[in-house]
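K.L.:
The structure file work-v8.cif (mmCIF, C-alpha atoms) is provided below.
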data_target
#
loop_
_atom_site.label_atom_id
_atom_site.label_comp_id
_atom_site.auth_asym_id
_atom_site.auth_seq_id
_atom_site.Cartn_x
_atom_site.Cartn_y
_atom_site.Cartn_z
CA MET A 1115 33.32 -5.34 43.22
CA GLN A 1116 29.90 -3.65 43.03
CA LYS A 1117 31.26 -1.21 40.44
CA LEU A 1118 32.66 -4.11 38.40
CA ASN A 1119 29.28 -5.89 38.57
CA ASN A 1120 27.52 -2.73 37.38
CA ILE A 1121 29.90 -2.44 34.43
CA THR A 1122 29.41 -6.11 33.58
CA ALA A 1123 25.63 -5.73 33.73
CA GLY A 1124 25.81 -2.65 31.52
CA LEU A 1125 27.89 -4.45 28.94
CA ALA A 1126 25.42 -7.34 28.96
CA CYS A 1127 22.54 -4.94 28.29
CA LEU A 1128 24.45 -3.37 25.44
CA ALA A 1129 25.16 -6.79 23.97
CA LEU A 1130 21.48 -7.73 24.23
CA SER A 1131 20.46 -4.46 22.56
CA ALA A 1132 22.92 -5.02 19.74
CA GLY A 1133 21.61 -8.56 19.31
CA VAL A 1134 18.04 -7.30 18.95
CA MET A 1135 19.07 -4.62 16.48
CA ALA A 1136 20.96 -7.13 14.36
CA GLN A 1137 18.37 -9.92 14.27
CA GLY A 1138 17.84 -11.17 10.73
CA VAL A 1139 21.26 -9.96 9.56
CA THR A 1140 24.40 -12.00 8.94
CA ASP A 1141 27.51 -11.28 6.91
CA ASP A 1142 25.87 -12.79 3.83
CA GLU A 1143 22.11 -12.40 4.33
CA VAL A 1144 19.35 -10.03 5.44
CA VAL A 1145 15.92 -11.48 6.18
CA LEU A 1146 12.69 -9.55 5.62
CA GLY A 1147 9.19 -10.69 6.58
CA THR A 1148 5.92 -10.20 4.71
CA SER A 1149 2.42 -11.01 5.97
CA THR A 1150 0.04 -10.57 3.06
CA ALA A 1151 -3.02 -11.98 1.30
CA LEU A 1152 -2.08 -14.89 -0.93
CA SER A 1153 -5.71 -16.02 -0.78
CA GLY A 1154 -9.00 -14.37 0.13
CA PRO A 1155 -10.61 -11.11 -1.04
CA ALA A 1156 -7.36 -9.13 -1.39
CA ALA A 1157 -5.25 -11.89 -2.95
CA LEU A 1158 -4.72 -9.99 -6.19
CA TRP A 1159 -2.85 -7.28 -4.28
CA GLY A 1160 -0.86 -9.66 -2.11
CA VAL A 1161 0.18 -12.14 -4.79
CA ALA A 1162 1.19 -9.65 -7.49
CA ALA A 1163 2.98 -7.29 -5.09
CA SER A 1164 4.95 -10.16 -3.54
CA GLN A 1165 5.86 -11.67 -6.90
CA ALA A 1166 7.01 -8.31 -8.26
CA ALA A 1167 9.02 -7.47 -5.14
CA GLN A 1168 10.79 -10.82 -5.37
CA ILE A 1169 11.83 -10.03 -8.94
CA ARG A 1170 13.51 -6.83 -7.73
CA PHE A 1171 15.25 -8.66 -4.90
CA ASP A 1172 16.32 -11.43 -7.30
CA MET A 1173 17.90 -8.78 -9.52
CA ALA A 1174 19.87 -7.48 -6.55
CA ASN A 1175 20.83 -10.98 -5.39
CA GLU A 1176 22.01 -12.02 -8.85
CA ASN A 1177 24.36 -9.03 -8.81
CA GLY A 1178 25.97 -10.16 -5.56
CA GLY A 1179 23.36 -8.83 -3.14
CA VAL A 1180 23.61 -5.52 -1.29
CA HIS A 1181 27.03 -5.07 0.32
CA GLY A 1182 27.48 -8.81 -0.14
CA ARG A 1183 24.21 -9.76 1.55
CA GLN A 1184 21.48 -11.72 -0.20
CA ILE A 1185 17.94 -10.51 0.50
CA ARG A 1186 15.62 -13.28 1.66
CA VAL A 1187 11.89 -12.77 2.21
CA VAL A 1188 9.81 -15.00 4.49
CA LEU A 1189 6.26 -14.87 3.14
CA GLU A 1190 3.10 -15.60 5.16
CA ASP A 1191 -0.53 -15.72 3.97
CA HIS A 1192 -2.92 -13.87 6.30
CA GLN A 1193 -5.91 -14.29 3.94
CA TYR A 1194 -6.88 -10.67 4.75
CA GLN A 1195 -7.91 -11.72 8.25
CA VAL A 1196 -6.52 -9.95 11.30
CA PRO A 1197 -6.31 -12.98 13.65
CA ILE A 1198 -4.34 -14.97 11.06
CA HIS A 1199 -2.10 -11.96 10.49
CA VAL A 1200 -1.36 -11.66 14.22
CA LYS A 1201 -0.22 -15.29 14.29
CA ALA A 1202 1.85 -14.79 11.14
CA MET A 1203 3.58 -11.75 12.60
CA ASN A 1204 4.32 -13.60 15.82
CA LYS A 1205 6.08 -16.25 13.73
CA LEU A 1206 7.99 -13.69 11.67
CA LEU A 1207 9.15 -11.69 14.67
CA ASN A 1208 9.91 -14.47 17.14
CA LEU A 1209 10.67 -17.60 15.12
CA ASP A 1210 12.02 -16.30 11.82
CA LYS A 1211 13.50 -13.26 13.62
CA VAL A 1212 13.20 -10.99 10.58
CA PHE A 1213 15.27 -7.82 10.40
CA ALA A 1214 12.30 -5.79 9.15
CA THR A 1215 8.79 -6.30 7.83
CA PHE A 1216 8.08 -5.32 4.26
CA ASN A 1217 4.95 -4.91 2.12
CA VAL A 1218 2.59 -6.08 4.88
CA LEU A 1219 -0.86 -5.82 3.30
CA GLY A 1220 -3.90 -4.20 4.85
CA THR A 1221 -4.77 -1.28 7.08
CA PRO A 1222 -6.32 -3.30 9.96
CA MET A 1223 -3.46 -5.80 9.82
CA ASN A 1224 -0.71 -3.20 10.13
CA LEU A 1225 -2.55 -1.40 12.92
CA ALA A 1226 -3.02 -4.65 14.85
CA THR A 1227 0.69 -5.46 15.16
CA ALA A 1228 2.58 -2.18 14.74
CA ASP A 1229 3.20 -1.62 18.46
CA THR A 1230 4.39 -5.19 18.92
CA GLN A 1231 7.02 -5.00 16.21
CA PHE A 1232 8.20 -1.55 17.24
CA ALA A 1233 8.62 -2.80 20.81
CA GLN A 1234 10.95 -5.46 19.37
CA ASN A 1235 12.89 -2.85 17.38
CA VAL A 1236 11.75 -4.27 14.02
CA PRO A 1237 11.23 -1.64 11.29
CA MET A 1238 8.02 -1.45 9.24
CA LEU A 1239 9.01 -0.86 5.61
CA PHE A 1240 6.49 0.25 2.99
CA PRO A 1241 3.30 -1.41 4.28
CA MET A 1242 0.93 -2.20 1.41
CA THR A 1243 -1.62 0.40 2.49
CA THR A 1244 -1.70 4.16 2.22
CA ALA A 1245 -4.01 4.66 5.21
CA LYS A 1246 -3.49 7.83 7.19
CA SER A 1247 -4.03 5.77 10.34
CA VAL A 1248 -0.97 3.70 9.42
CA GLN A 1249 1.15 6.64 8.25
CA GLU A 1250 0.41 8.74 11.34
CA PRO A 1251 1.86 9.33 13.77
CA GLU A 1252 5.29 8.98 12.21
CA ASN A 1253 7.70 6.64 13.95
CA ASP A 1254 11.47 6.28 13.77
CA LEU A 1255 10.98 2.62 12.77
CA LYS A 1256 8.25 3.18 10.16
CA ILE A 1257 8.56 4.33 6.56
CA THR A 1258 5.66 4.42 4.12
CA PHE A 1259 5.02 5.63 0.62
CA GLY A 1260 2.29 7.50 -1.18
CA SER A 1261 -0.56 9.85 -0.43
CA SER A 1262 -3.08 8.60 2.13
CA TYR A 1263 -6.53 7.29 1.27
CA TYR A 1264 -7.84 10.25 3.24
CA ASN A 1265 -5.99 12.80 1.11
CA GLN A 1266 -6.76 10.93 -2.11
CA ILE A 1267 -10.49 11.00 -1.45
CA ARG A 1268 -10.60 14.57 -0.16
CA PHE A 1269 -8.83 15.76 -3.31
CA ALA A 1270 -11.06 13.71 -5.60
CA VAL A 1271 -14.33 14.63 -3.89
CA GLY A 1272 -13.36 18.29 -3.82
CA ASN A 1273 -12.81 18.22 -7.56
CA PHE A 1274 -16.15 16.50 -8.23
CA LEU A 1275 -18.04 18.90 -5.98
CA ALA A 1276 -16.48 21.81 -7.85
CA THR A 1277 -18.28 20.56 -10.98
CA GLY A 1278 -21.69 20.91 -9.34
CA LYS A 1279 -22.23 17.61 -7.52
CA THR A 1280 -24.39 18.05 -4.43
CA SER A 1281 -25.32 14.60 -3.08
CA ALA A 1282 -22.56 12.22 -2.02
CA CYS A 1283 -22.86 8.55 -1.00
CA VAL A 1284 -20.22 6.20 0.39
CA MET A 1285 -19.92 2.41 0.18
CA TYR A 1286 -17.06 1.25 2.36
CA GLN A 1287 -15.56 -1.80 4.01
CA ASP A 1288 -16.33 -2.04 7.71
CA THR A 1289 -12.64 -1.74 8.62
CA ALA A 1290 -10.20 0.98 9.60
CA TYR A 1291 -9.57 1.51 5.88
CA GLY A 1292 -13.25 2.02 5.12
CA ALA A 1293 -13.69 4.29 8.13
CA GLU A 1294 -10.93 6.54 6.80
CA VAL A 1295 -12.69 6.85 3.44
CA LEU A 1296 -15.97 7.75 5.14
CA GLU A 1297 -14.15 10.31 7.28
CA ALA A 1298 -12.56 11.89 4.21
CA VAL A 1299 -15.88 12.28 2.42
CA THR A 1300 -17.57 13.63 5.55
CA ASP A 1301 -14.82 16.20 6.11
CA GLU A 1302 -14.72 17.34 2.48
CA VAL A 1303 -18.51 17.66 2.18
CA ALA A 1304 -18.49 19.81 5.32
CA GLU A 1305 -16.28 22.32 3.51
CA HIS A 1306 -18.86 22.94 0.76
CA SER A 1307 -22.17 24.71 1.21
CA GLY A 1308 -25.24 23.17 -0.37
CA VAL A 1309 -23.67 19.70 -0.39
CA SER A 1310 -24.77 16.70 1.66
CA LEU A 1311 -23.61 13.17 2.47
CA VAL A 1312 -27.01 11.59 1.84
CA SER A 1313 -26.31 7.87 2.34
CA SER A 1314 -23.59 5.44 3.40
CA PHE A 1315 -23.30 1.67 3.52
CA ALA A 1316 -20.72 -0.48 5.35
CA HIS A 1317 -19.96 -4.05 4.27
CA LYS A 1318 -17.63 -6.89 5.18
CA PRO A 1319 -14.51 -7.35 2.99
CA THR A 1320 -15.84 -10.76 1.97
CA ASP A 1321 -19.29 -9.55 0.86
CA THR A 1322 -20.12 -10.11 -2.81
CA GLU A 1323 -23.68 -8.74 -3.17
CA PHE A 1324 -24.49 -5.02 -3.18
CA VAL A 1325 -27.96 -4.71 -4.67
CA GLY A 1326 -29.44 -3.44 -1.41
CA ALA A 1327 -26.76 -0.78 -1.04
CA MET A 1328 -27.18 0.46 -4.58
CA VAL A 1329 -30.96 0.49 -4.41
CA GLY A 1330 -30.59 2.69 -1.34
CA PHE A 1331 -28.16 4.99 -3.14
CA LYS A 1332 -30.51 5.27 -6.11
CA GLY A 1333 -33.38 6.22 -3.84
CA ALA A 1334 -31.19 8.80 -2.08
CA GLY A 1335 -30.44 10.50 -5.38
CA CYS A 1336 -26.64 10.31 -5.18
CA ASP A 1337 -24.79 12.14 -7.94
CA LEU A 1338 -21.37 11.10 -6.55
CA ILE A 1339 -20.53 7.71 -5.04
CA VAL A 1340 -17.25 7.05 -3.24
CA PHE A 1341 -16.00 3.48 -2.80
CA GLY A 1342 -13.87 2.45 0.17
CA THR A 1343 -13.39 -0.94 -1.48
CA ILE A 1344 -10.60 -3.17 -2.80
CA ILE A 1345 -10.81 -5.29 -5.97
CA ARG A 1346 -13.75 -7.67 -6.01
CA ASP A 1347 -16.15 -5.34 -4.20
CA THR A 1348 -15.11 -2.46 -6.49
CA ILE A 1349 -15.96 -4.46 -9.60
CA THR A 1350 -19.19 -5.94 -8.26
CA GLY A 1351 -20.38 -2.72 -6.64
CA TYR A 1352 -19.79 -0.63 -9.74
CA ALA A 1353 -21.37 -3.20 -12.08
CA THR A 1354 -24.43 -3.39 -9.81
CA ALA A 1355 -24.82 0.38 -9.81
CA ARG A 1356 -24.76 0.56 -13.59
CA LYS A 1357 -27.18 -2.37 -13.98
CA LEU A 1358 -29.63 -0.53 -11.74
CA GLY A 1359 -29.39 2.54 -13.95
CA ILE A 1360 -27.38 4.65 -11.52
CA THR A 1361 -25.51 7.29 -13.52
CA ALA A 1362 -23.65 8.97 -10.65
CA ASP A 1363 -19.89 9.31 -10.97
CA VAL A 1364 -18.09 6.68 -8.89
CA VAL A 1365 -14.54 7.07 -7.51
CA VAL A 1366 -12.40 4.55 -5.62
CA THR A 1367 -9.10 4.85 -3.73
CA GLN A 1368 -5.73 3.31 -4.51
CA ALA A 1369 -7.02 0.04 -3.02
CA GLY A 1370 -9.34 -0.49 -5.98
CA PHE A 1371 -6.95 0.89 -8.58
CA ASP A 1372 -5.63 -2.06 -10.54
CA THR A 1373 -5.42 -3.06 -14.18
CA MET A 1374 -7.67 -6.06 -13.45
CA VAL A 1375 -10.44 -3.67 -12.39
CA ALA A 1376 -10.10 -1.55 -15.52
CA GLY A 1377 -9.80 -4.49 -17.89
CA PHE A 1378 -12.52 -6.68 -16.41
CA PRO A 1379 -14.32 -8.58 -19.21
CA GLY A 1380 -17.40 -6.98 -20.71
CA GLY A 1381 -16.32 -3.42 -20.01
CA ILE A 1382 -18.42 -3.35 -16.84
CA THR A 1383 -16.08 -0.90 -15.08
CA GLU A 1384 -15.99 1.59 -17.96
CA GLY A 1385 -16.13 5.15 -16.64
CA LEU A 1386 -15.01 4.35 -13.08
CA TYR A 1387 -12.70 6.96 -11.52
CA ALA A 1388 -9.82 6.39 -9.10
CA ALA A 1389 -7.62 8.54 -6.89
CA SER A 1390 -4.18 6.99 -6.44
CA VAL A 1391 -0.51 7.53 -5.61
CA GLY A 1392 0.60 7.28 -9.25
CA GLU A 1393 -0.42 6.62 -12.80
CA ALA A 1394 -1.20 3.19 -14.19
CA VAL A 1395 1.64 1.97 -16.39
CA TYR A 1396 1.05 -0.69 -19.05
CA CYS A 1397 3.97 -2.82 -20.16
CA ASP A 1398 3.18 -2.36 -23.86
CA SER A 1399 3.82 1.36 -23.47
CA ALA A 1400 6.12 1.44 -20.43
CA PRO A 1401 9.38 3.43 -20.46
CA ALA A 1402 12.61 1.61 -21.26
CA SER A 1403 13.55 1.66 -17.56
CA ALA A 1404 10.64 -0.69 -16.81
CA GLN A 1405 11.09 -3.18 -19.63
CA ALA A 1406 13.48 -5.52 -17.80
CA PHE A 1407 10.98 -5.88 -14.97
CA CYS A 1408 7.99 -6.28 -17.32
CA ASP A 1409 9.83 -8.97 -19.31
CA ALA A 1410 11.00 -10.82 -16.18
CA TYR A 1411 7.54 -10.78 -14.59
CA LYS A 1412 5.77 -12.02 -17.72
CA ALA A 1413 8.38 -14.71 -18.32
CA LYS A 1414 7.96 -16.02 -14.77
CA HIS A 1415 4.23 -15.55 -14.21
CA GLY A 1416 2.70 -15.43 -17.69
CA THR A 1417 0.96 -12.07 -17.32
CA ASP A 1418 1.77 -8.39 -17.04
CA PRO A 1419 2.31 -7.27 -13.42
CA GLY A 1420 -0.57 -4.81 -13.07
CA ILE A 1421 -0.60 -1.87 -10.69
CA SER A 1422 -0.31 -3.99 -7.55
CA GLY A 1423 2.84 -5.52 -9.02
CA GLN A 1424 4.20 -2.11 -9.91
CA LEU A 1425 3.75 -0.90 -6.33
CA GLY A 1426 5.35 -4.05 -4.95
CA TYR A 1427 8.34 -3.62 -7.24
CA THR A 1428 8.66 0.08 -6.36
CA ALA A 1429 8.61 -0.70 -2.64
CA ALA A 1430 11.32 -3.35 -3.10
CA ASP A 1431 13.38 -0.94 -5.18
CA LEU A 1432 13.22 1.61 -2.35
CA VAL A 1433 14.28 -1.08 0.16
CA VAL A 1434 17.30 -1.91 -2.00
CA ALA A 1435 18.18 1.81 -2.19
CA GLY A 1436 17.91 2.09 1.59
CA LEU A 1437 20.12 -0.96 2.12
CA GLU A 1438 22.70 0.42 -0.29
CA ASN A 1439 22.72 3.76 1.54
CA ALA A 1440 23.00 1.98 4.91
CA GLY A 1441 26.46 0.69 4.11
CA ALA A 1442 28.13 -2.60 5.00
CA ASP A 1443 27.62 -2.16 8.76
CA LEU A 1444 23.88 -2.93 8.70
CA THR A 1445 21.92 -2.08 11.83
CA VAL A 1446 18.40 -0.81 12.39
CA ASP A 1447 19.76 2.71 12.77
CA SER A 1448 21.89 2.56 9.62
CA LEU A 1449 18.94 1.16 7.64
CA MET A 1450 16.60 3.96 8.71
CA ASP A 1451 19.33 6.53 8.02
CA GLY A 1452 19.77 4.97 4.59
CA LEU A 1453 16.07 5.23 3.83
CA GLU A 1454 15.97 8.83 5.04
CA ALA A 1455 18.83 9.59 2.62
CA ILE A 1456 16.72 8.66 -0.42
CA SER A 1457 16.29 11.81 -2.48
CA ASN A 1458 14.52 12.03 -5.83
CA HIS A 1459 14.91 8.29 -6.39
CA GLN A 1460 13.46 7.81 -9.84
CA ASP A 1461 10.47 5.51 -10.13
CA THR A 1462 11.25 2.62 -12.49
CA PHE A 1463 7.96 3.31 -14.24
CA GLY A 1464 8.69 6.96 -14.95
CA ARG A 1465 6.05 8.34 -12.61
CA ILE A 1466 7.51 9.76 -9.40
CA GLY A 1467 10.80 10.84 -7.86
CA TRP A 1468 10.76 9.42 -4.32
CA SER A 1469 12.26 11.49 -1.49
CA TYR A 1470 12.44 11.04 2.28
CA GLY A 1471 14.14 12.74 5.22
CA ALA A 1472 14.70 12.63 8.96
CA ASP A 1473 11.40 14.47 9.47
CA ASP A 1474 9.55 12.83 6.57
CA HIS A 1475 8.92 9.09 6.57
CA ARG A 1476 5.88 9.32 4.29
CA GLY A 1477 7.70 10.13 1.07
CA THR A 1478 6.54 12.04 -1.98
CA GLN A 1479 2.83 12.91 -1.76
CA VAL A 1480 1.17 12.71 -5.16
CA VAL A 1481 -2.52 12.20 -5.95
CA VAL A 1482 -3.47 11.14 -9.48
CA ILE A 1483 -7.02 11.08 -10.83
CA SER A 1484 -7.64 8.39 -13.47
CA GLN A 1485 -10.64 6.98 -15.31
CA VAL A 1486 -11.33 3.67 -17.02
CA GLN A 1487 -11.51 4.36 -20.74
CA GLY A 1488 -11.48 1.53 -23.26
CA GLY A 1489 -10.54 -1.03 -20.61
CA LYS A 1490 -7.49 0.89 -19.35
CA TRP A 1491 -6.81 3.46 -16.68
CA VAL A 1492 -6.18 6.85 -18.28
CA SER A 1493 -4.63 9.62 -16.17
CA LEU A 1494 -6.68 12.84 -16.09
CA GLY A 1495 -4.34 14.91 -13.93
CA GLN A 1496 -2.40 15.01 -10.68
CA VAL A 1497 -1.35 17.20 -7.78
CA THR A 1498 1.53 17.07 -5.29
CA LEU A 1499 0.30 17.79 -1.77
#
Please render this file's structure as structure tokens.
P.N.:
Amino acid sequence: MQKLNNITAGLACLALSAGVMAQGVTDDEVVLGTSTALSGPAALWGVAASQAAQIRFDMANENGGVHGRQIRVVLEDHQYQVPIHVKAMNKLLNLDKVFATFNVLGTPMNLATADTQFAQNVPMLFPMTTAKSVQEPENDLKITFGSSYYNQIRFAVGNFLATGKTSACVMYQDTAYGAEVLEAVTDEVAEHSGVSLVSSFAHKPTDTEFVGAMVGFKGAGCDLIVFGTIIRDTITGYATARKLGITADVVVTQAGFDTMVAGFPGGITEGLYAASVGEAVYCDSAPASAQAFCDAYKAKHGTDPGISGQLGYTAADLVVAGLENAGADLTVDSLMDGLEAISNHQDTFGRIGWSYGADDHRGTQVVVISQVQGGKWVSLGQVTL
């Protein structure tokens, strides 16, 4: 009898495990969850990325879904605030019972809830951050895309220092994201003799005034300024620097790399540099492979998607590829195997061939240097790390 009880208990545990693995999946639907900024200082990233991803999922759904399953996304607004994000993730994981999270925006947000979702066997798919602190350490349930902010900035700063720059300054958000940018500059400067990090300034993501920071940078004699900023603080910080007569080169990470930044009225971001995971693609000159998306986005939302939209669409496209590779018997294991099987998956925008593997959940590592010229981002060159 004891042996029979042990077998029964074992079968019950297996059934429970299978239930957890299959949450958010039925014969005709798979449910993904996104906690992002639909309002607040990072809303441009959250709104455009979510809208663009939905267009890719709609395309799949209109063609019968993936292995007969429609993709449904439950969307929550965290306003770029960690406490709100924690509540949103609790809802997604425990009430909505999503199969996986997707496109969750923000370095501090992803760090705050990663352990919780992994403990519940819920995969983290393509978080909308390229922070090294989110990418590392790799996890069987986590798959990201793009070069890290750390690597982007080290590559960019190294290139600027090679041209004779000697005095670096950093303006960064007082978050895990900003700390990574400061770390990258500090580490790169240490590799070059005769170069100093002469000033740094931390600010809240919601701050909108940077005169004090830029006055300090001007007094410090910076000839290179690195921004660990997003959209609004990139635009305002750069415009303030130029109004104060600061002529130093300024470079921002992927987080500040959007068409809205480059095309801001009045040309106030002209000359700004960025280090990013890919080139900026504009719909009026996009390859034929991107036209269906560009047309669908503009028809639905009245504007071109911008870079945040392009990244959101790319992430969704990779999710669809992973689901297709996973096969009809969809489990957490088959999904992760399907994502690992992605090899040289061609970017819709003609930029990158995405590849993953059992020992590589970070994907293709490209860093592109671009500059705002004539209100558009123009690629100056790239490297694969």
K.L.:
So which one's closest to Val1218 (chain A), A:Ala1440, A:Thr1348, A:Ala1429, A:Phe1371? Using all atoms listed in the file, please.
P.N.:
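Of A:Ala1440, A:Thr1348, A:Ala1429, A:Phe1371, the one nearest Val1218 (chain A) is A:Ala1429, counting all atoms listed in the file.
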K.L.:
Nearest to Asp1229 (chain A) among A:Asn1208, A:Thr1478, A:Asn1253, A:Ser1261, with distances taken over all atoms listed in the file: which residue is it?
P.N.:
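Checking each candidate against Asp1229 (chain A), we get A:Asn1253 as the closest.
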K.L.:
Using only C-alpha atoms, which residues of region 1425-1460 of chain A come within 12 Å of region 1151-1167 of chain A, and what is the closest atom pair for each, with the distance in Å to one decimal? Give it as JSON lines, sorted by chain and residue number.
P.N.:
{"residue": "A:Leu1425", "atom": "CA", "partner": "A:Ala1163", "partner_atom": "CA", "distance": 6.6}
{"residue": "A:Gly1426", "atom": "CA", "partner": "A:Ala1163", "partner_atom": "CA", "distance": 4.0}
{"residue": "A:Tyr1427", "atom": "CA", "partner": "A:Ala1167", "partner_atom": "CA", "distance": 4.4}
{"residue": "A:Thr1428", "atom": "CA", "partner": "A:Ala1167", "partner_atom": "CA", "distance": 7.7}
{"residue": "A:Ala1429", "atom": "CA", "partner": "A:Ala1167", "partner_atom": "CA", "distance": 7.2}
{"residue": "A:Ala1430", "atom": "CA", "partner": "A:Ala1167", "partner_atom": "CA", "distance": 5.1}
{"residue": "A:Asp1431", "atom": "CA", "partner": "A:Ala1167", "partner_atom": "CA", "distance": 7.9}
{"residue": "A:Leu1432", "atom": "CA", "partner": "A:Ala1167", "partner_atom": "CA", "distance": 10.4}
{"residue": "A:Val1433", "atom": "CA", "partner": "A:Ala1167", "partner_atom": "CA", "distance": 9.8}
{"residue": "A:Val1434", "atom": "CA", "partner": "A:Ala1167", "partner_atom": "CA", "distance": 10.5}
K.L.:
Applied to this file, what does the PyMOL selection byres ((chain A and resi 1352) around 9) return in terms of residues, put as a list in words?
P.N.:
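Here the PyMOL selection byres ((chain A and resi 1352) around 9) matches Phe1341, Asp1347, Thr1348, Ile1349, Thr1350, Gly1351, Ala1353, Thr1354, Ala1355, Arg1356, Lys1357, Val1364, Ile1382, Thr1383 and Leu1386 of chain A.
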K.L.:
Neighbours of Gly1330 (chain A) within 9 Å (all atoms listed in the file; same-chain residues fewer than 3 positions away dropped), as a list of chain:residue names?
P.N.:
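What passes the distance filter is A:Ser1313, A:Ser1314, A:Phe1315, A:Val1325, A:Gly1326, A:Ala1327, A:Gly1333, A:Ala1334, A:Gly1335.
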